[in-house]
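Okay, so here's the structure we're looking at.
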Amino acid sequence: MRRINGFISGGVSLLALTTAAYAEGASSRDSIIVTATKRNESLQDVPLSITALTDENLERLGAERLEDYLSQAPGVSFTSSGIVNAKPTIRGIATSSAPGQGQAPVGIYIDDLPSLSRAFPFATTDLRVFDLERVEILRGPQGTLFGSGSAGGAIRLISNKPNLEAFEAKADVGVASVKGGGVSQAYNSMLNIPIVDELAALRVVGYYHEEAGYIDNIAQGVEDTGERDSFGGRAMLSVHPTDALKLRFSGTYQKDKQDTTAPFGFYDPADGDIDEYNTIDSNDTDIETVILNFTGEYDFGSVNVFSSTSYGETKARLNKDNDAYVGFIASVLDDLVLSPSDEVVSGQDIDAKTISQEIRFTSTNDSPFQWLIGGFFLDQEFSVVESWTVPSLDYVPVNVIIGANTRELALFGEASYTLADRLTFTAGARLFNNKSDFDNISSILGDEEVKTARPAEETSVTPKFALAYEVSDEVNIYATAAKGYRVGRANFAIPDPLTDIEVPQAYESDELWNYEVGLKSGLMDNALIFNVALFYIDWKNIQMPRNIEGNVITDNAGNAESKGVELEIDYAPAEWLSFGGTYAYVDGEITESFEGSYANVGDVLPGSSKHSFSTHLELSKSDIFAGANGYLRMDQQYMGSRFQDLDNSDSFVTDDYSLINIRAGIEWQNYEIVLYAENLLDNRVALLQYDGDGFNVSHAQYTRPRTIGVTLRAEF
């Protein structure tokens with residue numbers, strides 16, 4: 001009955017299925033320019049499955065971060081266990097719903113800087129999207145142009161560039177009430193200042209968000225915990241010394257804080273309510289990100305040269321409640337006197353520093369032959385320190401320091417040739433060399449150990465082939481075959497000297513091939529957009545946990561396949577009406593499992609639903625009163641059930657669910673007021689679940705309660 005109700009509540013607004021790149025006007029999608037192929041192209045002309053959301057789209061959605069806009073793309077799901085552990089999944093390519101210790105299969109790119117936690121996805125920066133130019137969600141592997149860590153796809157956040165010709169300003173203020181919780185508030189602002197007309201301009205963005213908590217900690221007697229604060233901003237200086245030369249200098253800063261590791265509640269009703277929890281210690285968590293970038297671009301007429309140099313640093317602190325281990329520590333160390341009232345304070349300190357450089361040359365002439373070649377370098381220093389302390393005794397029973405260095409070098413290129421202005425052949429490849437070094441210094445209950453893992457190094461090629469045909473001015477069809485990969489690295493496990501069991505000291509890259517055919521169309525003068533893609537993915541040598549006679553390591557321990565359909569339709573029959581949605585069918589499963597693997601043949605790949613869809617309906621009316629325009633919008637998202645982990649026999653399975661958001665706005669001259677309700681029906685479903693495992697009773701993270709708010713916006 002729950003599944004039937006989920007489909008019914010979702011079907012209320014399922015008038016059609018739409019693309020996420022909606023906007024006002026029938027031809028808006030065709031006018032969106034994207035750079036998913038490292039050159040400017042119309043969204044509908046790119047032979048890729050891609051969702052693009054402009055600044056206006058994000059505002060109309062009320063989107064602030066990843067989970068707000070990823071729901072607009074078919075075949076994409078999202079889980080998060082706190083402010084530092086965001087986990088998007090695309091086309092079912094995942095081995096867990098929670099972040100793991102290997103490279104993530106979905107890359108998150110902030111302008112031209114790739115993931116700030118490349119070796120270990122423990123700390124994912126979830127950048128606020130106010131005043132972004134657009135967000136691009138690329139489905140399928142992007143290994144040729146974007147490199148490792150984009151095996152399932154890539155998410156690109158692209159900053160707005162300064163306007164050299166006009167002063168601009170924008171600001172909004174918002175307040176919202178969370179059912180059963182506190183009050184949220186948000187402040188955003190932007191200034192664009194031309195310094196010298198058509199020569200130099202500065203664009204500055206600042207924001208502060210306070211997201212109310214709603215979890216009552218019954219152990220501490222504190223209500224509405226789980227509050228999340230985020231503040232930061234961006235500044236970009238553009239200088240155009242000549243018409244051909246463009247220089248940009250930018251800096252980005254963001255700090256997120258939350259008074260719990262994640263807003264968990266009880267999973268078993270016998271323990272308490274879903275909005276109650278019982279941690280004894282304060283589990284404050286924070287993540288801080290700094291990004292500096294210099295970009296230079298020169299147009300030689302028939303060739304464009306582009307260079308991007310970036311530095312990024314992420315620091316994070318994750319606190320944990322380990323008081324349940326007081327008794328265990330006391331039993332191991334007989335000479336240490338511990339009482340149940342003693343606290344065990346623990347946490348992780350994470351620091352990742354990244355330097356990257358990309359340079360590329362792109363043809364810009366009108367020839368049927370087009371090409372792109374480039375080079376890429378990345379160096380990332382990563383460290384994580386986990387420590388447990390007993391403050392009352394000034395004792396540190398556990399202290400583990402892990403250091404990692406990842407270096408990537410790559411040459412990449414693509415070439416295409418168009419016949420008779422209709423048929424285009426494209427081929428590309430990326431030659432890469434990845435190297436990683438790891439060391440581990442640990443002191444656990446008095447036993448000290450130093451491990452230096454054998455360096456892992458790999459050189460390989462990731463190719464791509466595409467064929468696109470322009471059936472008419474309104475219809476394009478395409479077929480692609482592309483390869484993606486995740487880098488390998490060393491294991492810390494060493495052979496047992498008593499049993500002499502051989503343990504792999506490193507694991508290799510896993511790789512996949514994505515085979516895809518698709519159709520993109522804009523009919524009735526682009527009033528009706530219809531896009532569909534069918535894909536098959538062959539995933540080999542998957543990196544996953546493996547048990548070799550008691551030694552649990554990461555290894556290339558299985559194969560899988562994922563196949564599916566993605567559908568997008570958008571229809572604007574009149575200026576005052578648009579409706580539509582997206583649909584995805586994703587069927588991923590393990591096809592081969594090696595001995596000791598934590599997966600079985602037939603296990604469903606975790607993190608993705610077999611069926612999911614989103615819908616929207618928007619009504620608008622001009623000149624309601626005194627020249628003011630108004631609109632009413634409803635968005636709905638349905639997610640089918642999904643497994644949390646690979647071993648389906650022992651994995652938590654979410655219920656299917658549907659969420660509905662409603663927004664109503666009035667626009668008058670340069671001002672706008674928006675009233676909204678998110679999760680209108682207050683549908684509470686567990687998205688992640690964890691057993692007691694010595695830390696606490698079984699707990700889960702649920703969909704956020706119904707939130708009702710208002711936003712005031714001014715733009716000049």
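In the structure tokens, each chain is lettered A, B, ... as it comes, each chain's residues begin at 1, and ligands are numbered from 1 in order of appearance.
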
| task | Please provide the set of residues having any atom within 10 Å of A:Asn556, restricted to only C-alpha atoms, with same-chain residues fewer than 2 positions apart removed, written as a count of residues only. | result | 20

| Any idea what's packed within 10 Å of A:Leu680, counting only C-alpha atoms, ignoring anything in its chain fewer than 2 positions away? Could you give it as a PyMOL selection string? | chain A and resi 636+659-662+676-678+682-683+705-708

| query | stretch 216-441 of chain A: which residues are alpha helix (DSSP H) by DSSP, as a list in words? | reply |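 Filtering stretch 216-441 of chain A to alpha helix (DSSP H) leaves Val326, Gly327, Phe328, Ile329, Ala330, Ser331 and Val332 of chain A.
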
| task | Rounded to one decimal place, report the atom CA of A:Ser387-atom CA of A:Asn399 distance in Å. | result |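 Between atom CA of A:Ser387 and atom CA of A:Asn399 the gap is 4.3 Å.
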
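Among A:Phe369, A:Phe432, A:Trp513, A:Phe376, the residue with the shortest atom-to-atom distance to A:Glu414, counting only C-alpha atoms, is A:Phe369.
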
| Backbone-only DSSP, strand (DSSP E) members of stretch 663-698 of chain A, as number ranges by chain | A: 663-668, 671-678, 686-690

Convert the current residue selection to file output with all heavy atoms, as a compact mmCIF listing (two decimals), in the first residue's frame.
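Written file, out.txt:
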# COMPACT_ATOMS: atom_id res chain seq x y z
N ARG A 663 5.68 26.87 -4.56
CA ARG A 663 6.18 28.23 -4.45
C ARG A 663 5.23 29.17 -5.18
O ARG A 663 4.75 28.86 -6.27
CB ARG A 663 7.59 28.34 -5.05
CG ARG A 663 8.59 27.39 -4.43
CD ARG A 663 9.96 27.53 -5.08
NE ARG A 663 10.61 28.78 -4.73
CZ ARG A 663 11.28 28.98 -3.59
NH1 ARG A 663 11.37 28.01 -2.70
NH2 ARG A 663 11.86 30.14 -3.36
N ALA A 664 4.97 30.31 -4.58
CA ALA A 664 4.14 31.35 -5.20
C ALA A 664 4.87 32.68 -5.07
O ALA A 664 5.37 33.02 -3.99
CB ALA A 664 2.77 31.43 -4.53
N GLY A 665 4.95 33.42 -6.18
CA GLY A 665 5.72 34.65 -6.16
C GLY A 665 5.02 35.80 -6.86
O GLY A 665 4.22 35.60 -7.77
N ILE A 666 5.34 37.01 -6.40
CA ILE A 666 4.89 38.24 -7.02
C ILE A 666 6.13 39.05 -7.40
O ILE A 666 7.00 39.29 -6.56
CB ILE A 666 4.01 39.08 -6.08
CG1 ILE A 666 2.73 38.31 -5.71
CG2 ILE A 666 3.66 40.42 -6.73
CD1 ILE A 666 1.77 38.13 -6.84
N GLU A 667 6.23 39.45 -8.69
CA GLU A 667 7.35 40.26 -9.17
C GLU A 667 6.82 41.63 -9.56
O GLU A 667 5.89 41.75 -10.37
CB GLU A 667 7.99 39.57 -10.38
CG GLU A 667 8.54 38.18 -10.08
CD GLU A 667 8.92 37.42 -11.32
OE1 GLU A 667 8.31 37.69 -12.39
OE2 GLU A 667 9.80 36.55 -11.26
N TRP A 668 7.44 42.65 -8.99
CA TRP A 668 7.02 44.02 -9.30
C TRP A 668 8.26 44.89 -9.46
O TRP A 668 9.08 45.01 -8.53
CB TRP A 668 6.14 44.57 -8.17
CG TRP A 668 5.70 45.99 -8.39
CD1 TRP A 668 4.79 46.45 -9.29
CD2 TRP A 668 6.20 47.14 -7.69
NE1 TRP A 668 4.67 47.82 -9.20
CE2 TRP A 668 5.52 48.27 -8.22
CE3 TRP A 668 7.13 47.34 -6.67
CZ2 TRP A 668 5.76 49.56 -7.77
CZ3 TRP A 668 7.37 48.62 -6.22
CH2 TRP A 668 6.69 49.72 -6.77
N TYR A 671 11.60 44.06 -7.70
CA TYR A 671 11.40 43.37 -6.42
C TYR A 671 10.58 42.10 -6.62
O TYR A 671 9.80 41.96 -7.56
CB TYR A 671 10.70 44.29 -5.42
CG TYR A 671 11.42 45.60 -5.22
CD1 TYR A 671 11.04 46.73 -5.95
CD2 TYR A 671 12.49 45.71 -4.34
CE1 TYR A 671 11.70 47.94 -5.78
CE2 TYR A 671 13.16 46.90 -4.17
CZ TYR A 671 12.77 48.02 -4.89
OH TYR A 671 13.44 49.20 -4.74
N GLU A 672 10.76 41.17 -5.68
CA GLU A 672 10.02 39.91 -5.72
C GLU A 672 9.80 39.42 -4.30
O GLU A 672 10.68 39.54 -3.43
CB GLU A 672 10.80 38.85 -6.52
CG GLU A 672 10.08 37.52 -6.63
CD GLU A 672 10.89 36.50 -7.42
OE1 GLU A 672 12.03 36.81 -7.82
OE2 GLU A 672 10.37 35.38 -7.64
N ILE A 673 8.63 38.87 -4.04
CA ILE A 673 8.34 38.21 -2.78
C ILE A 673 7.85 36.81 -3.10
O ILE A 673 7.04 36.60 -4.01
CB ILE A 673 7.29 38.98 -1.94
CG1 ILE A 673 7.02 38.21 -0.62
CG2 ILE A 673 6.00 39.21 -2.71
CD1 ILE A 673 6.19 39.00 0.36
N VAL A 674 8.40 35.81 -2.39
CA VAL A 674 8.09 34.40 -2.66
C VAL A 674 7.64 33.75 -1.36
O VAL A 674 8.32 33.85 -0.33
CB VAL A 674 9.31 33.65 -3.21
CG1 VAL A 674 8.94 32.21 -3.52
CG2 VAL A 674 9.86 34.34 -4.45
N LEU A 675 6.51 33.08 -1.40
CA LEU A 675 6.04 32.23 -0.31
C LEU A 675 6.20 30.78 -0.75
O LEU A 675 5.91 30.44 -1.90
CB LEU A 675 4.57 32.52 0.01
CG LEU A 675 4.22 33.95 0.40
CD1 LEU A 675 2.70 34.09 0.57
CD2 LEU A 675 4.93 34.36 1.68
N TYR A 676 6.65 29.92 0.17
CA TYR A 676 6.89 28.54 -0.25
C TYR A 676 6.65 27.55 0.89
O TYR A 676 6.69 27.91 2.07
CB TYR A 676 8.32 28.37 -0.79
CG TYR A 676 9.41 28.62 0.22
CD1 TYR A 676 9.89 27.59 1.03
CD2 TYR A 676 9.99 29.88 0.36
CE1 TYR A 676 10.90 27.81 1.95
CE2 TYR A 676 11.00 30.11 1.28
CZ TYR A 676 11.45 29.06 2.07
OH TYR A 676 12.45 29.29 2.99
N ALA A 677 6.41 26.31 0.48
CA ALA A 677 6.32 25.18 1.40
C ALA A 677 7.10 24.03 0.80
O ALA A 677 6.83 23.62 -0.34
CB ALA A 677 4.87 24.79 1.63
N GLU A 678 8.06 23.51 1.53
CA GLU A 678 8.86 22.37 1.09
C GLU A 678 8.45 21.13 1.88
O GLU A 678 8.21 21.21 3.08
CB GLU A 678 10.35 22.67 1.29
CG GLU A 678 10.83 23.84 0.43
CD GLU A 678 12.27 24.23 0.71
OE1 GLU A 678 12.82 23.76 1.73
OE2 GLU A 678 12.84 25.00 -0.09
N ALA A 686 13.06 7.28 6.16
CA ALA A 686 14.47 7.05 6.49
C ALA A 686 15.29 6.89 5.21
O ALA A 686 14.96 6.07 4.36
CB ALA A 686 14.61 5.80 7.36
N LEU A 687 16.34 7.69 5.08
CA LEU A 687 17.20 7.66 3.90
C LEU A 687 18.50 6.90 4.15
O LEU A 687 19.07 6.30 3.23
CB LEU A 687 17.52 9.09 3.46
CG LEU A 687 16.31 9.98 3.15
CD1 LEU A 687 16.77 11.37 2.77
CD2 LEU A 687 15.45 9.37 2.06
N LEU A 688 19.03 6.97 5.36
CA LEU A 688 20.22 6.22 5.77
C LEU A 688 19.94 5.64 7.16
O LEU A 688 19.29 6.30 7.98
CB LEU A 688 21.45 7.12 5.83
CG LEU A 688 22.05 7.62 4.52
CD1 LEU A 688 23.16 8.62 4.80
CD2 LEU A 688 22.61 6.46 3.70
N GLN A 689 20.45 4.43 7.42
CA GLN A 689 20.21 3.80 8.72
C GLN A 689 21.48 3.13 9.20
O GLN A 689 22.22 2.52 8.42
CB GLN A 689 19.08 2.78 8.61
CG GLN A 689 18.64 2.15 9.92
CD GLN A 689 19.34 0.82 10.21
OE1 GLN A 689 19.74 0.12 9.29
NE2 GLN A 689 19.50 0.50 11.47
N TYR A 690 21.76 3.27 10.50
CA TYR A 690 22.94 2.68 11.11
C TYR A 690 22.54 1.92 12.36
O TYR A 690 21.74 2.40 13.16
CB TYR A 690 23.96 3.77 11.47
CG TYR A 690 24.50 4.50 10.27
CD1 TYR A 690 23.88 5.67 9.83
CD2 TYR A 690 25.59 4.01 9.57
CE1 TYR A 690 24.36 6.34 8.71
CE2 TYR A 690 26.08 4.68 8.46
CZ TYR A 690 25.46 5.84 8.03
OH TYR A 690 25.93 6.50 6.93

| said: One number please: atom CA of A:Ile218 to atom CA of A:Asp271, in Å, one decimal. | reply: 11.1 Å

| Using only C-alpha atoms, which of A:Leu419, A:Val685, A:Ala171, A:Val471 sits nearest A:Glu715? |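 That would be A:Ala171, the residue with the smallest distance to A:Glu715.
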
| said: Taking 3 positions as the minimum chain separation for residues in the same chain, which residues sit within 9 Å of A:Pro47 when counting only C-alpha atoms? Answer as a list of chain:residue names. | reply: A:Leu43, A:Gln44, A:Ile50, A:Ala466, A:Leu467, A:Ala468, A:Asn476, A:Ile477, A:Tyr478, A:Ala479, A:Thr480, A:Gly518, A:Leu519, A:Lys520

| task | Find the residues near A:Phe78: any atom within 10 Å, counting only C-alpha atoms, skip ones fewer than 4 places away on the same chain, and give them as a list in words. | result | Leu66, Glu67, Asp68, Leu70, Ser71, Ala86, Lys87, Pro88, Thr89, Ile90, Ser97, Ala98, Gly607, Ser608 and Leu687 of chain A

| Selected residue of minimal separation from A:Val239 among A:Gln669, A:Gln380, A:Gln637, A:Thr295, counting only C-alpha atoms |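 Looking only at the distances to A:Val239, the closest residue turns out to be A:Thr295.
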
| field | Pick from A:Asn679, A:Lys464, A:Ile402, A:Gly588, whichever lies nearest to A:Glu449 using only C-alpha atoms | value |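 Closest candidate: A:Ile402.
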
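In this structure, atom CA of A:Ala481 sits 28.9 Å away from atom CA of A:Ser302.
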
| Nearest to A:Thr462, chosen from A:Ala151, A:Val183, A:Ile274, A:Val398, with only C-alpha atoms counted in the distances |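 Of all the options, A:Ala151 lies closest to A:Thr462.
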
Residues within 12 Å of A:Asp349, only C-alpha atoms, excluding chain neighbours under 5 positions, as a PDB file with C-alpha atoms, in the first residue's frame:
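Produced file result-v8.pdb, reproduced below:
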ATOM      1  CA  VAL A  84      30.735  16.897   5.050  1.00  0.00           C
ATOM      2  CA  PHE A 122      35.419  12.149   3.499  1.00  0.00           C
ATOM      3  CA  ALA A 123      34.833  15.888   3.149  1.00  0.00           C
ATOM      4  CA  THR A 285      31.112  19.292  12.828  1.00  0.00           C
ATOM      5  CA  ASP A 286      32.562  21.935  10.535  1.00  0.00           C
ATOM      6  CA  ILE A 287      34.111  22.194   7.080  1.00  0.00           C
ATOM      7  CA  GLU A 288      36.012  25.172   5.651  1.00  0.00           C
ATOM      8  CA  THR A 314      39.489  22.022   2.636  1.00  0.00           C
ATOM      9  CA  LYS A 315      39.637  21.590   6.398  1.00  0.00           C
ATOM     10  CA  ALA A 316      37.023  19.617   8.293  1.00  0.00           C
ATOM     11  CA  ARG A 317      36.391  18.483  11.851  1.00  0.00           C
ATOM     12  CA  LEU A 318      34.041  15.560  12.577  1.00  0.00           C
ATOM     13  CA  ASN A 319      33.262  14.838  16.225  1.00  0.00           C
ATOM     14  CA  LYS A 320      31.813  11.537  17.450  1.00  0.00           C
ATOM     15  CA  PHE A 382      45.630  14.859   2.143  1.00  0.00           C
ATOM     16  CA  SER A 383      45.750  14.063   5.854  1.00  0.00           C
ATOM     17  CA  VAL A 384      43.249  12.736   8.346  1.00  0.00           C
ATOM     18  CA  VAL A 385      43.885  12.470  12.090  1.00  0.00           C
ATOM     19  CA  GLU A 386      41.513  10.430  14.243  1.00  0.00           C
ATOM     20  CA  SER A 387      41.951  10.670  17.992  1.00  0.00           C
ATOM     21  CA  TRP A 388      40.068   9.501  21.091  1.00  0.00           C
ATOM     22  CA  ASN A 399      45.496   8.289  17.746  1.00  0.00           C
ATOM     23  CA  VAL A 400      45.727   7.510  14.022  1.00  0.00           C
ATOM     24  CA  ILE A 401      47.392   9.731  11.401  1.00  0.00           C
ATOM     25  CA  ILE A 402      46.923   8.974   7.711  1.00  0.00           C
ATOM     26  CA  GLY A 403      48.781  10.936   5.056  1.00  0.00           C
TER      27      GLY A 403
END

| message | So that I can see what lies close to A:Arg139, please list as number ranges by chain the residues with an atom at most 7 Å from it, counting only C-alpha atoms and leaving out residues fewer than 2 positions away in the same chain. | response | A: 49-50, 90, 137, 141, 152-154
